[in-house]
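Note: the block below is start-v9.tsv and it holds TSV, C-alpha atoms.
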```
chain	number	residue	atom	x	y	z
Q	869	MET	CA	38.83	-33.48	2.33
Q	870	ASN	CA	40.16	-32.45	-1.06
Q	871	THR	CA	41.79	-29.07	-1.78
Q	872	LEU	CA	38.67	-27.53	-3.37
Q	873	ASN	CA	36.48	-28.54	-0.43
Q	874	LYS	CA	39.05	-27.15	2.03
Q	875	ARG	CA	39.11	-23.82	0.18
Q	876	LEU	CA	35.30	-23.64	0.11
Q	877	PHE	CA	35.19	-24.53	3.80
Q	878	LEU	CA	37.75	-21.82	4.63
Q	879	LEU	CA	35.91	-19.29	2.46
Q	880	ALA	CA	32.58	-20.09	4.14
Q	881	GLY	CA	34.24	-19.76	7.56
Q	882	ALA	CA	35.77	-16.41	6.66
Q	883	MET	CA	32.42	-15.13	5.41
Q	884	LEU	CA	30.77	-16.26	8.64
Q	885	LEU	CA	33.39	-14.47	10.73
Q	886	LEU	CA	32.96	-11.27	8.68
Q	887	THR	CA	29.20	-11.45	9.08
Q	888	LEU	CA	29.44	-12.03	12.83
Q	889	GLY	CA	32.04	-9.30	13.14
Q	890	SER	CA	29.85	-6.79	11.32
Q	891	CYS	CA	26.89	-7.74	13.55
Q	892	ASP	CA	29.04	-7.03	16.59
Q	893	LYS	CA	29.99	-3.63	15.17
Q	894	SER	CA	26.41	-2.69	14.35
Q	895	GLU	CA	25.29	-3.75	17.82
Q	896	LYS	CA	28.05	-1.60	19.30
Q	897	TYR	CA	27.02	1.45	17.23
Q	898	GLU	CA	23.33	0.89	18.01
Q	899	ARG	CA	24.15	0.67	21.72
Q	900	GLU	CA	26.23	3.87	21.53
Q	901	GLU	CA	23.40	5.65	19.74
Q	902	ARG	CA	20.92	4.47	22.38
Q	903	GLU	CA	23.26	5.82	25.09
Q	904	LYS	CA	23.49	9.21	23.31
Q	905	ILE	CA	19.70	9.45	23.14
Q	906	ASP	CA	19.27	8.40	26.79
Q	907	SER	CA	21.93	10.90	27.86
Q	908	TYR	CA	20.24	13.69	25.90
Q	909	LEU	CA	16.84	12.91	27.40
Q	910	ALA	CA	18.29	12.72	30.93
Q	911	SER	CA	20.02	16.08	30.53
Q	912	HIS	CA	16.83	17.75	29.20
Q	913	PRO	CA	14.13	16.73	31.70
Q	914	ASP	CA	12.08	19.80	30.72
Q	915	GLN	CA	11.52	18.23	27.29
Q	916	ASP	CA	8.86	15.60	27.96
Q	917	PHE	CA	9.01	13.71	24.67
Q	918	GLU	CA	6.44	11.09	23.77
Q	919	LEU	CA	8.04	7.93	22.45
Q	920	LYS	CA	6.02	6.81	19.45
Q	921	PRO	CA	5.78	3.08	18.51
Q	922	SER	CA	8.14	3.69	15.57
Q	923	GLY	CA	10.90	4.94	17.88
Q	924	LEU	CA	10.35	8.65	17.12
Q	925	TYR	CA	10.51	10.99	20.11
Q	926	TYR	CA	7.91	13.73	19.59
Q	927	LEU	CA	7.15	16.82	21.68
Q	928	GLU	CA	4.46	19.31	20.76
Q	929	ILE	CA	5.46	22.81	21.89
Q	930	ASN	CA	2.48	24.64	20.37
Q	931	PRO	CA	-0.45	22.65	19.00
Q	932	GLY	CA	-1.37	25.16	16.32
Q	933	ASP	CA	-4.97	25.88	15.39
Q	934	GLY	CA	-5.09	25.21	11.68
Q	935	GLN	CA	-5.52	22.32	9.33
Q	936	ALA	CA	-3.95	18.94	10.13
Q	937	LEU	CA	-1.55	17.45	7.60
Q	938	GLN	CA	-2.58	14.43	5.59
Q	939	THR	CA	-0.63	12.23	3.20
Q	940	HIS	CA	0.06	14.07	-0.10
Q	941	ASP	CA	-0.46	17.52	1.43
Q	942	THR	CA	2.46	19.89	1.13
Q	943	ALA	CA	3.90	21.13	4.39
Q	944	CYS	CA	5.38	24.63	4.39
Q	945	ILE	CA	7.97	24.41	7.14
Q	946	LYS	CA	10.44	26.45	9.18
Q	947	TYR	CA	13.05	24.17	10.73
Q	948	THR	CA	16.42	23.79	12.36
Q	949	GLY	CA	18.19	20.43	12.41
Q	950	LYS	CA	20.81	19.73	15.05
Q	951	PHE	CA	22.97	16.94	16.31
Q	952	LEU	CA	22.32	16.01	19.96
Q	953	SER	CA	25.44	18.02	20.83
Q	954	GLY	CA	23.52	21.14	19.79
Q	955	THR	CA	25.53	21.72	16.62
Q	956	VAL	CA	23.27	22.91	13.79
Q	957	PHE	CA	23.68	20.86	10.62
Q	958	ASP	CA	20.83	22.43	8.63
Q	959	THR	CA	18.30	25.22	8.89
Q	960	ASN	CA	16.15	27.30	6.60
Q	961	VAL	CA	16.41	30.37	8.83
Q	962	ASN	CA	18.94	32.77	7.35
Q	963	SER	CA	21.43	34.74	9.43
Q	964	ASN	CA	19.28	37.87	8.94
Q	965	GLY	CA	16.22	36.05	10.33
Q	966	THR	CA	14.42	35.52	7.02
Q	967	ILE	CA	13.10	32.08	6.21
Q	968	ASP	CA	13.57	30.04	3.04
Q	969	THR	CA	10.42	28.05	3.59
Q	970	LEU	CA	10.75	24.32	2.95
Q	971	PHE	CA	7.89	22.95	0.85
Q	972	ALA	CA	7.66	19.19	1.34
Q	973	PRO	CA	4.98	16.73	0.23
Q	974	VAL	CA	4.02	14.57	3.23
Q	975	ASN	CA	4.57	10.80	3.24
Q	976	GLU	CA	5.94	10.75	-0.28
Q	977	GLY	CA	9.57	9.96	0.54
Q	978	TYR	CA	10.97	13.49	0.28
Q	979	LEU	CA	11.91	13.57	3.96
Q	980	VAL	CA	13.43	10.99	6.29
Q	981	ALA	CA	10.79	8.68	7.77
Q	982	GLY	CA	10.92	10.14	11.30
Q	983	TYR	CA	10.46	13.71	10.04
Q	984	ASP	CA	7.57	12.64	7.82
Q	985	GLU	CA	5.93	10.88	10.75
Q	986	GLY	CA	6.42	13.84	13.07
Q	987	LEU	CA	4.73	16.16	10.57
Q	988	THR	CA	1.61	14.00	10.56
Q	989	TYR	CA	1.09	14.83	14.26
Q	990	MET	CA	1.15	18.57	13.57
Q	991	THR	CA	-1.47	21.13	12.63
Q	992	GLU	CA	-0.98	24.41	10.83
Q	993	GLY	CA	0.62	27.00	13.11
Q	994	GLY	CA	2.07	24.31	15.37
Q	995	LYS	CA	5.61	23.96	16.64
Q	996	SER	CA	7.23	20.67	17.64
Q	997	LEU	CA	10.49	19.05	18.58
Q	998	MET	CA	11.48	15.72	17.05
Q	999	LEU	CA	14.30	13.49	18.20
Q	1000	ILE	CA	14.77	11.04	15.36
Q	1001	PRO	CA	16.87	7.89	15.85
Q	1002	SER	CA	19.06	6.91	12.92
Q	1003	SER	CA	16.74	3.99	12.11
Q	1004	LEU	CA	14.17	6.64	11.04
Q	1005	ALA	CA	16.76	8.95	9.45
Q	1006	TYR	CA	19.98	8.05	7.61
Q	1007	GLY	CA	20.59	4.66	9.21
Q	1008	PRO	CA	23.95	2.93	9.54
Q	1009	THR	CA	25.46	4.56	6.44
Q	1010	GLY	CA	24.65	8.21	7.10
Q	1011	TRP	CA	24.37	10.85	4.40
Q	1012	GLY	CA	26.61	13.78	3.52
Q	1013	LEU	CA	27.85	15.39	6.73
Q	1014	ILE	CA	25.68	13.10	8.87
Q	1015	PRO	CA	27.55	9.98	10.02
Q	1016	GLY	CA	25.84	6.60	10.30
Q	1017	TYR	CA	24.03	5.78	13.54
Q	1018	THR	CA	23.44	9.48	14.24
Q	1019	PRO	CA	20.21	10.58	15.93
Q	1020	LEU	CA	18.86	13.93	14.73
Q	1021	PHE	CA	17.02	16.69	16.57
Q	1022	PHE	CA	14.62	19.04	14.77
Q	1023	GLU	CA	12.74	22.15	15.81
Q	1024	VAL	CA	9.84	22.40	13.36
Q	1025	GLU	CA	7.12	24.96	12.75
Q	1026	LEU	CA	4.32	24.09	10.36
Q	1027	LEU	CA	3.66	27.46	8.75
Q	1028	ARG	CA	1.04	26.39	6.24
Q	1029	VAL	CA	-0.68	23.33	4.80
Q	1030	VAL	CA	-1.31	23.16	1.07
Q	1031	PRO	CA	-3.93	20.46	0.47
Q	1032	GLY	CA	-2.88	17.69	-1.87
Q	1033	PRO	CA	-4.99	15.41	-4.04
Q	1034	ARG	CA	-7.64	13.47	-2.14
Q	1035	ASN	CA	-8.91	10.03	-3.08
```

As structure tokens - that is how I would like this structure written.
Amino acid sequence: MNTLNKRLFLLAGAMLLLTLGSCDKSEKYEREEREKIDSYLASHPDQDFELKPSGLYYLEINPGDGQALQTHDTACIKYTGKFLSGTVFDTNVNSNGTIDTLFAPVNEGYLVAGYDEGLTYMTEGGKSLMLIPSSLAYGPTGWGLIPGYTPLFFEVELLRVVPGPRN
């Protein structure tokens, strides 16, 4: 084998090892995330979440009695986002109790996929809990203060539905 072929062979081998090594790391992080979710669910047996086919855990607290959300509607939302540890990472409820209502078009990519999906199960006036695995949130890379492979927990109230364009 000539020198060029040896170098290419070594380079290909190194790339294979890096790829396999990164797969092992992602599997490790995915397993750890799964364990965090299982631990949370086991320690909160009063929260009887429904596991949706996508992987979203959804629990309706109050069904609401208003209009159901459809794609392109705007959801007017009160929410608190937490890590599974209970630490709040985001909320639109101010310290004095007032709300800076979140206005979000539904299924238009403004929200993480799991949050968008959870909203589609809600009706106006409803309140729900959503446990969103990272695969439906910020994935392996994370975003801002949210590390990769981090499941998110949201308490959501759908205050109002503003109808969007209909086809």

* **Non-local contacts of Phe957 in chain Q (10 Å; all atoms listed in the file; under 2 positions in same chain excluded) as a list of chain:residue names** => Q:Thr948, Q:Gly949, Q:Lys950, Q:Phe951, Q:Gly954, Q:Thr955, Q:Thr959, Q:Leu1013, Q:Ile1014, Q:Leu1020, Q:Phe1021

* Structure fact -> In terms of all atoms listed in the file, the residue from Q:Thr939, Q:Thr991, Q:Thr1009, Q:Asn930 at minimal distance from Glu1023 in chain Q is Q:Asn930

Please tabulate, as a tab-separated table, the residues of range 927-956 of chain Q that come within 10 Å of range 977-987 of chain Q, each with its closest pair of atoms and the distance in Å to one decimal, counting only C-alpha atoms and ordering rows by chain, then residue number upward.
```
residue	atom	partner	partner_atom	distance
Q:Leu927	CA	Q:Gly986	CA	9.1
Q:Glu928	CA	Q:Gly986	CA	9.6
Q:Ala936	CA	Q:Leu987	CA	9.1
Q:Leu937	CA	Q:Leu987	CA	7.1
Q:Gln938	CA	Q:Leu987	CA	9.0
Q:Thr939	CA	Q:Asp984	CA	9.4
Q:Ala943	CA	Q:Leu987	CA	8.0
Q:Ile945	CA	Q:Leu987	CA	9.5
```

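Of the residues under consideration (Q:Ile929, Q:Tyr897, Q:Lys946, Q:Ser953), Q:Ser953 shows the shortest atom-to-atom contact distance to Ser911 in chain Q when counting all atoms listed in the file.
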
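Taking CA of Gly923 in chain Q and CA of Pro1001 in chain Q as the two end points, the separation is 7.0 Å.
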
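CA of Leu924 in chain Q to CA of Asn975 in chain Q spans 15.2 Å [interatomic distance, one decimal].
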
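Within 9 Å of Gly934 in chain Q, once only C-alpha atoms are used and residues closer than 4 positions along the same chain are dropped, the contacting residues are Thr991, Glu992, Gly993, Gly994, Arg1028 and Val1029 of chain Q.
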
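Pairwise distance (CA of Glu895 in chain Q, CA of Met998 in chain Q) equals 23.9 Å.
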
* **Residue contacts of Asp941 in chain Q (6 Å, all atoms listed in the file) excluding same-chain residues fewer than 3 positions away, as number ranges by chain** => Q: 938, 973-974, 1030-1032

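Using only C-alpha atoms, the shortest contact distance between Glu903 in chain Q and any of Q:Leu952, Q:Asp958, Q:Leu1026, Q:Thr966 is found at Q:Leu952.
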
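Between Val956 in chain Q and the residues Q:Phe971, Q:Tyr926, Q:Tyr1017, Q:Phe1022, the shortest atom-to-atom distance, using all atoms listed in the file, involves Q:Phe1022.
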
* To do: Kindly indicate which residue among Q:Pro1033, Q:Asn962, Q:Leu1004, Q:Thr969 lies nearest to Pro1019 in chain Q, using all atoms listed in the file for the distances.
  => Q:Leu1004
